[in-house]
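As structure tokens, the structure follows; a few thoughts come after it.
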Amino acid sequence: MKIFAGDIGGTSIKYSVTDDHGYMMFFHEAETEREKGGPYIIQKLEDLIAGYPDIEAISISTAGQVNIEEGSIIYANENLPSYTGTRIKDILEDRFRVPVMVENDVNAAALGEKHYGAAKEYSDFLFLTFGTGIGGAIVIDSKLYRGFTGSAGEFGHMNQYPNGIECGCGKQGCYEQYGSTTALIREAKKADPGCTNGRQLFAMIQDGDQRLLEVLDSWANEAARGIASLVHIFNPPCVILGGGIMEQDLSVRLVSEKLYQHIMTSYSGVKIIKSQLGNKAGLYGAISLHEGVKHIGKI
């Protein structure tokens, strides 16, 4: 089955097409141009899909809360303006006349790690991705736990600090305002206005910038505090960390060290594991939603 797989994020739309044997034939990225809003993003996605007229199915991983039955966006914050309510499944099926599956991006990434990555040996685990915000997924007995309305795993909106920093969700003190990559870079800019992204941050730390190392260490403590709460609630055998910032071994090491300082000793058996699939995890997970796919070859 030839499947077009797309992963819609705030920065880019990642996409690929599988061959008849389930192997992804390439990996491309296009800028989301999110500031132009949801209708523009979907039109851009349609244009990308139209370049592959022989596809037999479409799988979409996307930011936002997803109604998987309807393939629609229940809620998306200001990172994707005018995206809430978008009926992705209906739009794409009407245009391309092939089956369409739509899944939340973090859930899709967790499925990718479960089937093809770091979680293959685990039937229960938590998956967190650190980026613009903090996303989460819960896997129990090898299945996603979706919750009452299908939106379980909004770890980024746990309240860490009452009356804390205002969040885009309208509340205050949310976890992602302290533990996300956005929060890390915000604090890094205070220490050095020239540090505007993660690549610069780690390059400057590698060059011996002690101030920025202290910023990273403080951020790792905030990230670990949130994970500690989840470990105490779910008691998982492992927690998988994803997102660009967690591709850095230093980040994973610092968060792991801080975590074990925050959890009770009876929970210390939990393992902290770095994502194996990186920014392709959502594509792998989205493709796995189609029952006709038995295996996905890695690229």
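Lettering and numbering for the structure tokens are positional, with chains as A, B, ... in the shown order, residues counted from 1 in each chain, and ligands counted from 1 in the shown order.
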
- Excluding stretch 258-260 of chain A and residues on its chain fewer than 6 positions from it, collect all residues at most 9 Å away from it, counting only C-alpha atoms, and give them as a ChimeraX atom specification. /A:217,220-228,267-268

Those residues you just picked out, can you put them in a file as a PDB file, in the first residue's frame with N, CA and C atoms?
ATOM      1  N   ASP A 217      21.055  23.872  33.202  1.00  0.00           N
ATOM      2  CA  ASP A 217      20.909  23.066  34.411  1.00  0.00           C
ATOM      3  C   ASP A 217      19.618  23.429  35.148  1.00  0.00           C
ATOM      4  N   ALA A 220      16.709  22.043  33.156  1.00  0.00           N
ATOM      5  CA  ALA A 220      16.611  20.591  33.331  1.00  0.00           C
ATOM      6  C   ALA A 220      15.898  20.250  34.632  1.00  0.00           C
ATOM      7  N   ASN A 221      16.113  21.055  35.650  1.00  0.00           N
ATOM      8  CA  ASN A 221      15.430  20.837  36.926  1.00  0.00           C
ATOM      9  C   ASN A 221      13.927  21.048  36.781  1.00  0.00           C
ATOM     10  N   GLU A 222      13.529  22.069  36.023  1.00  0.00           N
ATOM     11  CA  GLU A 222      12.100  22.313  35.790  1.00  0.00           C
ATOM     12  C   GLU A 222      11.488  21.177  34.979  1.00  0.00           C
ATOM     13  N   ALA A 223      12.208  20.733  33.948  1.00  0.00           N
ATOM     14  CA  ALA A 223      11.706  19.624  33.136  1.00  0.00           C
ATOM     15  C   ALA A 223      11.542  18.373  33.986  1.00  0.00           C
ATOM     16  N   ALA A 224      12.504  18.122  34.862  1.00  0.00           N
ATOM     17  CA  ALA A 224      12.480  16.927  35.705  1.00  0.00           C
ATOM     18  C   ALA A 224      11.354  16.979  36.730  1.00  0.00           C
ATOM     19  N   ARG A 225      11.041  18.164  37.239  1.00  0.00           N
ATOM     20  CA  ARG A 225       9.971  18.287  38.236  1.00  0.00           C
ATOM     21  C   ARG A 225       8.635  17.820  37.660  1.00  0.00           C
ATOM     22  N   GLY A 226       8.376  18.193  36.434  1.00  0.00           N
ATOM     23  CA  GLY A 226       7.132  17.747  35.803  1.00  0.00           C
ATOM     24  C   GLY A 226       7.118  16.252  35.560  1.00  0.00           C
ATOM     25  N   ILE A 227       8.240  15.717  35.091  1.00  0.00           N
ATOM     26  CA  ILE A 227       8.322  14.274  34.846  1.00  0.00           C
ATOM     27  C   ILE A 227       8.156  13.515  36.156  1.00  0.00           C
ATOM     28  N   ALA A 228       8.706  14.047  37.247  1.00  0.00           N
ATOM     29  CA  ALA A 228       8.587  13.390  38.548  1.00  0.00           C
ATOM     30  C   ALA A 228       7.122  13.216  38.951  1.00  0.00           C
ATOM     31  N   TYR A 267      10.458   4.565  43.434  1.00  0.00           N
ATOM     32  CA  TYR A 267      10.171   4.734  42.000  1.00  0.00           C
ATOM     33  C   TYR A 267      11.453   4.809  41.170  1.00  0.00           C
ATOM     34  N   SER A 268      12.589   4.599  41.799  1.00  0.00           N
ATOM     35  CA  SER A 268      13.859   4.862  41.131  1.00  0.00           C
ATOM     36  C   SER A 268      14.206   3.860  40.031  1.00  0.00           C
TER      37      SER A 268
END

- Task: Would you please give, as a VMD selection string, all residues of stretch 69-286 of chain A that DSSP assigns to alpha helix (DSSP H) based on the backbone?
- Result: chain A and resid 88 to 96 105 to 116 176 to 179 181 to 191 198 to 206 210 to 234 249 to 262 281 to 286

- Using only C-alpha atoms, find the one residue out of A:Ala183, A:Met25, A:Ile49, A:Leu126 that sits nearest to A:Ile165. A:Ala183

- Task: Find the residue from A:Asn197, A:Ser251, A:Ser72, A:Gln43 that sits nearest to A:Ser218; use only C-alpha atoms when measuring.
- Result: A:Ser251

- From a DSSP pass on the backbone, collect the residues of stretch 133-278 of chain A flagged as strand (DSSP E or B) and hand them back as a PyMOL selection string. chain A and resi 134-140+143-144+159+166+172+174+238-242+271-274

Please dump the current selection as an mmCIF file, in the first residue's frame; keep N, CA and C atoms.
data_model
loop_
_atom_site.group_PDB
_atom_site.id
_atom_site.type_symbol
_atom_site.label_atom_id
_atom_site.label_comp_id
_atom_site.auth_asym_id
_atom_site.auth_seq_id
_atom_site.Cartn_x
_atom_site.Cartn_y
_atom_site.Cartn_z
ATOM 1 N N ILE A 134 5.102 21.447 25.529
ATOM 2 C CA ILE A 134 5.418 20.089 25.968
ATOM 3 C C ILE A 134 4.211 19.216 25.675
ATOM 4 N N GLY A 135 4.413 18.204 24.857
ATOM 5 C CA GLY A 135 3.346 17.272 24.531
ATOM 6 C C GLY A 135 3.569 15.953 25.235
ATOM 7 N N GLY A 136 2.510 15.173 25.380
ATOM 8 C CA GLY A 136 2.649 13.901 26.060
ATOM 9 C C GLY A 136 1.744 12.831 25.489
ATOM 10 N N ALA A 137 2.139 11.585 25.710
ATOM 11 C CA ALA A 137 1.324 10.434 25.323
ATOM 12 C C ALA A 137 1.481 9.359 26.384
ATOM 13 N N ILE A 138 0.402 8.612 26.585
ATOM 14 C CA ILE A 138 0.358 7.550 27.594
ATOM 15 C C ILE A 138 0.067 6.240 26.880
ATOM 16 N N VAL A 139 0.949 5.257 27.030
ATOM 17 C CA VAL A 139 0.740 3.943 26.434
ATOM 18 C C VAL A 139 0.605 2.919 27.562
ATOM 19 N N ILE A 140 -0.515 2.207 27.568
ATOM 20 C CA ILE A 140 -0.800 1.181 28.566
ATOM 21 C C ILE A 140 -1.211 -0.087 27.838
ATOM 22 N N LYS A 143 -1.295 0.085 24.091
ATOM 23 C CA LYS A 143 -2.304 0.904 23.434
ATOM 24 C C LYS A 143 -2.285 2.318 23.999
ATOM 25 N N LEU A 144 -2.597 3.277 23.148
ATOM 26 C CA LEU A 144 -2.694 4.653 23.614
ATOM 27 C C LEU A 144 -3.859 4.803 24.572
ATOM 28 N N ASN A 159 -0.313 22.199 36.237
ATOM 29 C CA ASN A 159 -0.008 23.453 36.919
ATOM 30 C C ASN A 159 1.175 23.275 37.847
ATOM 31 N N GLU A 166 1.892 33.376 32.565
ATOM 32 C CA GLU A 166 0.676 33.165 31.776
ATOM 33 C C GLU A 166 0.975 32.275 30.584
ATOM 34 N N GLN A 172 -2.361 29.988 34.133
ATOM 35 C CA GLN A 172 -1.062 30.457 34.606
ATOM 36 C C GLN A 172 -0.278 29.318 35.248
ATOM 37 N N CYS A 174 1.635 26.917 33.890
ATOM 38 C CA CYS A 174 1.675 25.615 33.231
ATOM 39 C C CYS A 174 3.117 25.113 33.067
ATOM 40 N N CYS A 238 9.329 3.071 31.993
ATOM 41 C CA CYS A 238 10.229 3.989 31.289
ATOM 42 C C CYS A 238 9.497 5.232 30.813
ATOM 43 N N VAL A 239 10.266 6.284 30.646
ATOM 44 C CA VAL A 239 9.781 7.543 30.085
ATOM 45 C C VAL A 239 10.696 7.876 28.917
ATOM 46 N N ILE A 240 10.106 8.081 27.751
ATOM 47 C CA ILE A 240 10.886 8.398 26.557
ATOM 48 C C ILE A 240 10.809 9.896 26.302
ATOM 49 N N LEU A 241 11.953 10.507 26.079
ATOM 50 C CA LEU A 241 12.044 11.953 25.866
ATOM 51 C C LEU A 241 12.333 12.249 24.401
ATOM 52 N N GLY A 242 11.478 13.076 23.793
ATOM 53 C CA GLY A 242 11.634 13.449 22.399
ATOM 54 C C GLY A 242 11.681 14.952 22.221
ATOM 55 N N LYS A 271 13.211 4.068 33.931
ATOM 56 C CA LYS A 271 14.299 4.374 33.013
ATOM 57 C C LYS A 271 13.946 5.593 32.160
ATOM 58 N N ILE A 272 14.924 6.451 31.966
ATOM 59 C CA ILE A 272 14.758 7.605 31.086
ATOM 60 C C ILE A 272 15.491 7.291 29.797
ATOM 61 N N ILE A 273 14.767 7.320 28.669
ATOM 62 C CA ILE A 273 15.319 6.889 27.391
ATOM 63 C C ILE A 273 15.132 7.987 26.350
ATOM 64 N N LYS A 274 16.148 8.216 25.571
ATOM 65 C CA LYS A 274 16.063 9.186 24.476
ATOM 66 C C LYS A 274 15.350 8.560 23.282
#

- Which residues, written as a VMD selection string, have at least one atom at most 7 Å from A:Ile74, with only C-alpha atoms counted and residues fewer than 3 positions away on the same chain left out? chain A and resid 65 to 67 84 to 85

Okay, now the selection with C-alpha atoms, as a PDB file, in the first residue's frame?
ATOM      1  CA  GLN A  65      -6.045  17.882  20.082  1.00  0.00           C
ATOM      2  CA  VAL A  66      -7.508  15.444  17.569  1.00  0.00           C
ATOM      3  CA  ASN A  67     -10.867  13.706  17.296  1.00  0.00           C
ATOM      4  CA  THR A  84      -9.292  24.610  15.701  1.00  0.00           C
ATOM      5  CA  GLY A  85     -12.244  22.855  14.069  1.00  0.00           C
TER       6      GLY A  85
END

- Message: Ranking A:Ile41, A:Leu92, A:Leu213, A:Leu201 by minimum distance to A:Ile13 and counting only C-alpha atoms, which one comes first?
- Response: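 For A:Ile13, the nearest of the given residues is A:Ile41.
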
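Across the structure, atom CA of A:Thr32 and atom CA of A:Gly9 are spaced 7.0 Å apart.
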
- Residue contacts of A:Gly10 (9 Å, only C-alpha atoms) excluding same-chain residues fewer than 6 positions away, as number ranges by chain: A: 31-34, 63, 79-80, 132

Save out the residues we just selected, C-alpha atoms, as a short mmCIF file (atom, residue, chain, number, x, y, z; two decimals), in the first residue's frame.
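As written to disk, selection.cif reads:
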data_model
loop_
_atom_site.label_atom_id
_atom_site.label_comp_id
_atom_site.auth_asym_id
_atom_site.auth_seq_id
_atom_site.Cartn_x
_atom_site.Cartn_y
_atom_site.Cartn_z
CA GLU A 31 7.93 25.32 6.08
CA THR A 32 4.52 25.37 7.74
CA GLU A 33 4.13 29.16 7.50
CA ARG A 34 1.82 28.82 10.47
CA ALA A 63 -0.23 19.32 16.42
CA ASN A 79 0.93 28.31 17.46
CA LEU A 80 -1.45 27.24 14.67
CA THR A 132 7.49 25.04 21.48
#

- Using atom CA of A:Met246 and atom CA of A:Met24 as the two end points, give the distance in Å to one decimal.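 Atom CA of A:Met24 lies at a distance of 24.0 Å from atom CA of A:Met246.
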
- Query: atom CA of A:Phe27 and atom CA of A:Leu277, how far apart in Å?
  - Reply: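 Taking atom CA of A:Leu277 and atom CA of A:Phe27, their separation equals 12.6 Å.
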